file work-v6.txt (compact mmCIF, C-alpha atoms)
# COMPACT_ATOMS: atom_id res chain seq x y z
CA MET Z 1 95.76 -50.42 -7.22
CA VAL Z 2 96.19 -47.99 -10.04
CA PHE Z 3 99.15 -46.48 -11.86
CA ALA Z 4 98.65 -42.97 -13.25
CA THR Z 5 100.56 -40.32 -15.14
CA HIS Z 6 99.38 -36.74 -14.69
CA ARG Z 7 96.16 -38.02 -13.11
CA ILE Z 8 95.33 -40.20 -16.12
CA ILE Z 9 94.78 -43.86 -15.29
CA ARG Z 10 97.38 -45.84 -17.24
CA ASP Z 11 96.78 -49.23 -15.65
CA CYS Z 12 94.75 -50.68 -12.82
CA ASN Z 13 93.96 -54.05 -11.32
CA ALA Z 14 90.59 -55.77 -11.45
CA GLU Z 15 89.79 -54.84 -7.84
CA PHE Z 16 90.15 -51.12 -8.59
CA ALA Z 17 87.92 -51.35 -11.67
CA SER Z 18 85.37 -53.43 -9.77
CA LEU Z 19 85.30 -50.97 -6.88
CA PHE Z 20 84.03 -48.33 -9.30
CA GLY Z 21 81.80 -50.69 -11.31
CA PHE Z 22 83.83 -50.52 -14.51
CA ALA Z 23 85.71 -53.02 -16.62
CA ARG Z 24 89.47 -52.38 -16.58
CA ASP Z 25 89.52 -51.31 -20.24
CA GLU Z 26 86.85 -48.66 -19.53
CA LEU Z 27 89.24 -46.90 -17.11
CA VAL Z 28 92.64 -47.21 -18.78
CA ASP Z 29 93.69 -43.88 -20.36
CA GLN Z 30 90.82 -42.05 -18.66
CA SER Z 31 91.11 -39.12 -16.27
CA PHE Z 32 90.54 -39.69 -12.58
CA SER Z 33 88.05 -36.81 -12.80
CA ARG Z 34 85.33 -39.21 -13.96
CA LEU Z 35 85.52 -40.95 -10.56
CA TYR Z 36 84.78 -37.80 -8.52
CA PRO Z 37 81.30 -36.48 -7.71
CA LYS Z 38 82.22 -32.99 -8.94
CA LEU Z 39 85.06 -31.50 -10.93
CA ALA Z 40 85.72 -29.17 -7.98
CA ASP Z 41 86.41 -32.26 -5.80
CA PHE Z 42 88.93 -33.51 -8.38
CA VAL Z 43 90.67 -30.12 -8.50
CA ARG Z 44 90.72 -29.65 -4.70
CA THR Z 45 92.12 -33.15 -4.14
CA GLY Z 46 94.79 -32.57 -6.78
CA GLN Z 47 95.91 -29.36 -5.08
CA MET Z 48 96.13 -31.12 -1.72
CA TRP Z 49 98.03 -34.11 -3.09
CA ARG Z 50 100.41 -31.95 -5.14
CA SER Z 51 101.69 -30.38 -1.95
CA HIS Z 52 102.21 -33.75 -0.23
CA LEU Z 53 103.46 -36.19 -2.85
CA PRO Z 54 106.87 -34.61 -3.62
CA GLY Z 55 109.95 -36.23 -2.18
CA GLY Z 56 108.68 -39.79 -2.48
CA GLN Z 57 106.37 -39.40 0.48
CA VAL Z 58 103.40 -41.66 0.97
CA TYR Z 59 100.25 -39.63 1.42
CA TYR Z 60 96.69 -40.65 2.20
CA ASP Z 61 93.28 -39.16 2.64
CA GLU Z 62 89.65 -40.16 2.76
CA ARG Z 63 87.21 -38.89 0.19
CA ILE Z 64 83.91 -39.47 -1.53
CA MET Z 65 84.17 -41.07 -4.96
CA VAL Z 66 81.53 -42.03 -7.53
CA GLY Z 67 81.08 -45.29 -9.41
CA ALA Z 68 79.77 -46.11 -12.87
CA ASP Z 69 76.21 -46.28 -11.53
CA GLU Z 70 76.57 -42.80 -9.95
CA ARG Z 71 76.71 -44.44 -6.50
CA ARG Z 72 78.79 -42.35 -4.12
CA PHE Z 73 80.98 -43.97 -1.50
CA TRP Z 74 83.82 -43.15 0.87
CA CYS Z 75 87.33 -44.31 -0.03
CA ARG Z 76 90.66 -44.29 1.77
CA VAL Z 77 93.37 -43.49 -0.77
CA ASN Z 78 97.12 -44.00 -0.35
CA GLY Z 79 99.53 -42.70 -2.96
CA ARG Z 80 103.20 -42.38 -3.73
CA SER Z 81 104.96 -40.52 -6.53
CA ARG Z 82 107.99 -41.86 -8.38
CA ASN Z 83 109.14 -38.35 -9.33
CA SER Z 84 109.75 -35.90 -6.49
CA ALA Z 85 110.04 -32.91 -8.87
CA ASP Z 86 106.68 -33.59 -10.57
CA PRO Z 87 104.50 -35.68 -8.23
CA PHE Z 88 101.78 -36.44 -10.77
CA SER Z 89 104.13 -37.51 -13.58
CA GLU Z 90 104.13 -41.10 -12.29
CA ALA Z 91 102.16 -42.15 -9.22
CA LEU Z 92 100.82 -45.32 -7.70
CA TYR Z 93 97.57 -45.26 -5.72
CA CYS Z 94 95.68 -47.76 -3.63
CA PHE Z 95 91.94 -47.27 -3.10
CA GLU Z 96 90.14 -48.96 -0.23
CA PRO Z 97 86.35 -48.68 0.19
CA MET Z 98 85.06 -47.55 3.58
CA SER Z 99 81.77 -48.50 5.20
CA ARG Z 100 80.97 -44.87 6.12
CA PRO Z 101 77.66 -43.77 4.56
CA VAL Z 102 77.64 -40.68 2.38
CA THR Z 103 75.73 -37.79 3.95
CA GLN Z 104 76.28 -35.11 1.34
CA ALA Z 105 73.49 -32.71 2.19
CA ALA Z 106 74.93 -32.02 5.63
CA MET Z 107 78.41 -30.98 4.47
CA THR Z 108 80.01 -28.99 1.69
CA GLY Z 109 83.01 -30.39 -0.16
CA ARG Z 110 85.30 -28.09 1.81
CA GLN Z 111 83.74 -29.18 5.11
CA ARG Z 112 84.22 -32.86 4.18
CA GLN Z 113 87.84 -32.10 3.33
CA ILE Z 114 88.47 -30.32 6.63
CA LEU Z 115 86.67 -32.97 8.65
CA THR Z 116 88.73 -35.71 7.01
CA LEU Z 117 91.92 -33.86 7.96
CA VAL Z 118 90.66 -33.30 11.53
CA ALA Z 119 89.97 -37.04 11.77
CA GLN Z 120 93.61 -37.62 10.79
CA GLY Z 121 94.59 -35.69 13.94
CA LYS Z 122 95.73 -32.52 12.19
CA THR Z 123 95.50 -29.12 13.89
CA ASN Z 124 93.77 -26.07 12.47
CA ALA Z 125 97.14 -24.52 11.61
CA VAL Z 126 98.35 -27.64 9.79
CA ILE Z 127 95.04 -27.98 7.92
CA ALA Z 128 95.15 -24.31 6.93
CA ALA Z 129 98.67 -24.63 5.56
CA GLU Z 130 97.83 -27.86 3.76
CA ILE Z 131 94.78 -26.60 1.90
CA GLY Z 132 95.66 -22.94 1.53
CA LEU Z 133 93.16 -21.33 3.89
CA SER Z 134 93.63 -19.13 6.91
CA ARG Z 135 93.58 -20.76 10.34
CA ARG Z 136 90.50 -18.68 11.21
CA THR Z 137 88.61 -20.00 8.17
CA VAL Z 138 89.41 -23.58 9.19
CA GLU Z 139 88.22 -22.77 12.73
CA ALA Z 140 84.97 -21.36 11.32
CA HIS Z 141 84.35 -24.51 9.26
CA ARG Z 142 85.01 -26.70 12.31
CA LEU Z 143 82.66 -24.63 14.44
CA ARG Z 144 79.87 -24.92 11.85
CA LEU Z 145 80.46 -28.68 11.61
CA THR Z 146 80.40 -29.04 15.40
CA ARG Z 147 77.11 -27.15 15.62
CA ALA Z 148 75.56 -29.05 12.70
CA ALA Z 149 76.51 -32.39 14.26
CA GLY Z 150 75.24 -31.29 17.68
CA VAL Z 151 78.51 -32.16 19.42
CA ARG Z 152 80.62 -30.21 21.92
CA ASN Z 153 84.25 -30.79 20.99
CA THR Z 154 86.69 -32.25 18.47
CA ALA Z 155 86.68 -35.72 20.01
CA GLU Z 156 82.89 -35.92 19.71
CA LEU Z 157 83.07 -34.49 16.17
CA ILE Z 158 85.52 -37.21 15.11
CA ALA Z 159 83.40 -39.89 16.78
CA TRP Z 160 80.32 -38.55 14.97
CA PHE Z 161 82.21 -38.52 11.65
CA SER Z 162 83.55 -42.05 12.18
CA ALA Z 163 80.05 -43.33 12.93
CA LEU Z 164 78.59 -41.94 9.70
call {"tool": "encode", "arguments": {"input": "work-v6.txt", "output": "structure tokens"}}
result
Amino acid sequence: MVFATHRIIRDCNAEFASLFGFARDELVDQSFSRLYPKLADFVRTGQMWRSHLPGGQVYYDERIMVGADERRFWCRVNGRSRNSADPFSEALYCFEPMSRPVTQAAMTGRQRQILTLVAQGKTNAVIAAEIGLSRRTVEAHRLRLTRAAGVRNTAELIAWFSAL
């Protein structure tokens, strides 16, 4: 678990630090951005969470993170804000490692984001609204992913993604 203000780690438990290969004191008062493969991933995730954390909601997603040794791994992240007006002012997050291997070359960051949301059972329209794209753009990303994975439909795409 980790407590953050404005996406700066203010405190974390030993399990969180260990997950990323750091000592606790190496993470306290550091930006979450150092735990993302790319700054663009940090920014995109922040935009998505900002739209879902208000109102005391619990929100989760799955994403690729990076540890101290530059090892990349999938994580399931749950979060809740204490301030509905400013969701990043005080938030609590729980990070859980996933056994899914990272296959970065096959997917762009946006495709990983869309595929994660598809795996959560969200429709193209909901995904589009959530991440600020048109429904047609989301459909195009899904079609490219389906072709790249060599599958025929959404169920097979999710099964392929889950087996990674």
call {"tool": "closest_atom_pairs", "arguments": {"input": "work-v6.txt", "of": "stretch 38-126 of chain Z", "to": "stretch 1-9 of chain Z", "cutoff": "8 Å", "atoms": "all atoms listed in the file", "output": "JSON lines"}}
result
{"residue": "Z:Phe88", "atom": "CA", "partner": "Z:His6", "partner_atom": "CA", "distance": 4.6}
{"residue": "Z:Ser89", "atom": "CA", "partner": "Z:Thr5", "partner_atom": "CA", "distance": 4.8}
{"residue": "Z:Glu90", "atom": "CA", "partner": "Z:Thr5", "partner_atom": "CA", "distance": 4.6}
{"residue": "Z:Ala91", "atom": "CA", "partner": "Z:Ala4", "partner_atom": "CA", "distance": 5.4}
{"residue": "Z:Leu92", "atom": "CA", "partner": "Z:Phe3", "partner_atom": "CA", "distance": 4.6}
{"residue": "Z:Tyr93", "atom": "CA", "partner": "Z:Val2", "partner_atom": "CA", "distance": 5.3}
{"residue": "Z:Cys94", "atom": "CA", "partner": "Z:Met1", "partner_atom": "CA", "distance": 4.5}
{"residue": "Z:Phe95", "atom": "CA", "partner": "Z:Met1", "partner_atom": "CA", "distance": 6.4}
call {"tool": "residues_around", "arguments": {"input": "work-v6.txt", "residues": "Z:Arg34", "least_positions_apart": "4", "cutoff": "9 Å", "atoms": "all atoms listed in the file", "output": "ChimeraX atom specification"}}
result
/Z:30,38-39,42,66-68
call {"tool": "write_last_selection", "arguments": {"input": "work-v6.txt", "atoms": "C-alpha atoms", "output": "short mmCIF file (atom, residue, chain, number, x, y, z; two decimals), in the frame of the given file"}}
result
data_model
loop_
_atom_site.label_atom_id
_atom_site.label_comp_id
_atom_site.auth_asym_id
_atom_site.auth_seq_id
_atom_site.Cartn_x
_atom_site.Cartn_y
_atom_site.Cartn_z
CA GLN Z 30 90.82 -42.05 -18.66
CA LYS Z 38 82.22 -32.99 -8.94
CA LEU Z 39 85.06 -31.50 -10.93
CA PHE Z 42 88.93 -33.51 -8.38
CA VAL Z 66 81.53 -42.03 -7.53
CA GLY Z 67 81.08 -45.29 -9.41
CA ALA Z 68 79.77 -46.11 -12.87
#
call {"tool": "residues_around", "arguments": {"input": "work-v6.txt", "residues": "Z:Arg24", "least_positions_apart": "2", "cutoff": "9 Å", "atoms": "only C-alpha atoms", "output": "VMD selection string"}}
result
chain Z and resid 11 to 14 16 to 18 22 26 to 28
call {"tool": "atom_distance", "arguments": {"input": "work-v6.txt", "atom1": "atom CA of Z:Pro37", "atom2": "atom CA of Z:Thr154"}}
result
27.1 Å
call {"tool": "closest_residue", "arguments": {"input": "work-v6.txt", "among": "Z:Glu139, Z:Asp86, Z:Glu96, Z:Glu15", "to": "Z:Arg63", "atoms": "all atoms listed in the file"}}
result
Z:Glu96
call {"tool": "atom_distance", "arguments": {"input": "work-v6.txt", "atom1": "atom CA of Z:Leu19", "atom2": "atom CA of Z:Gln120"}}
result
23.7 Å
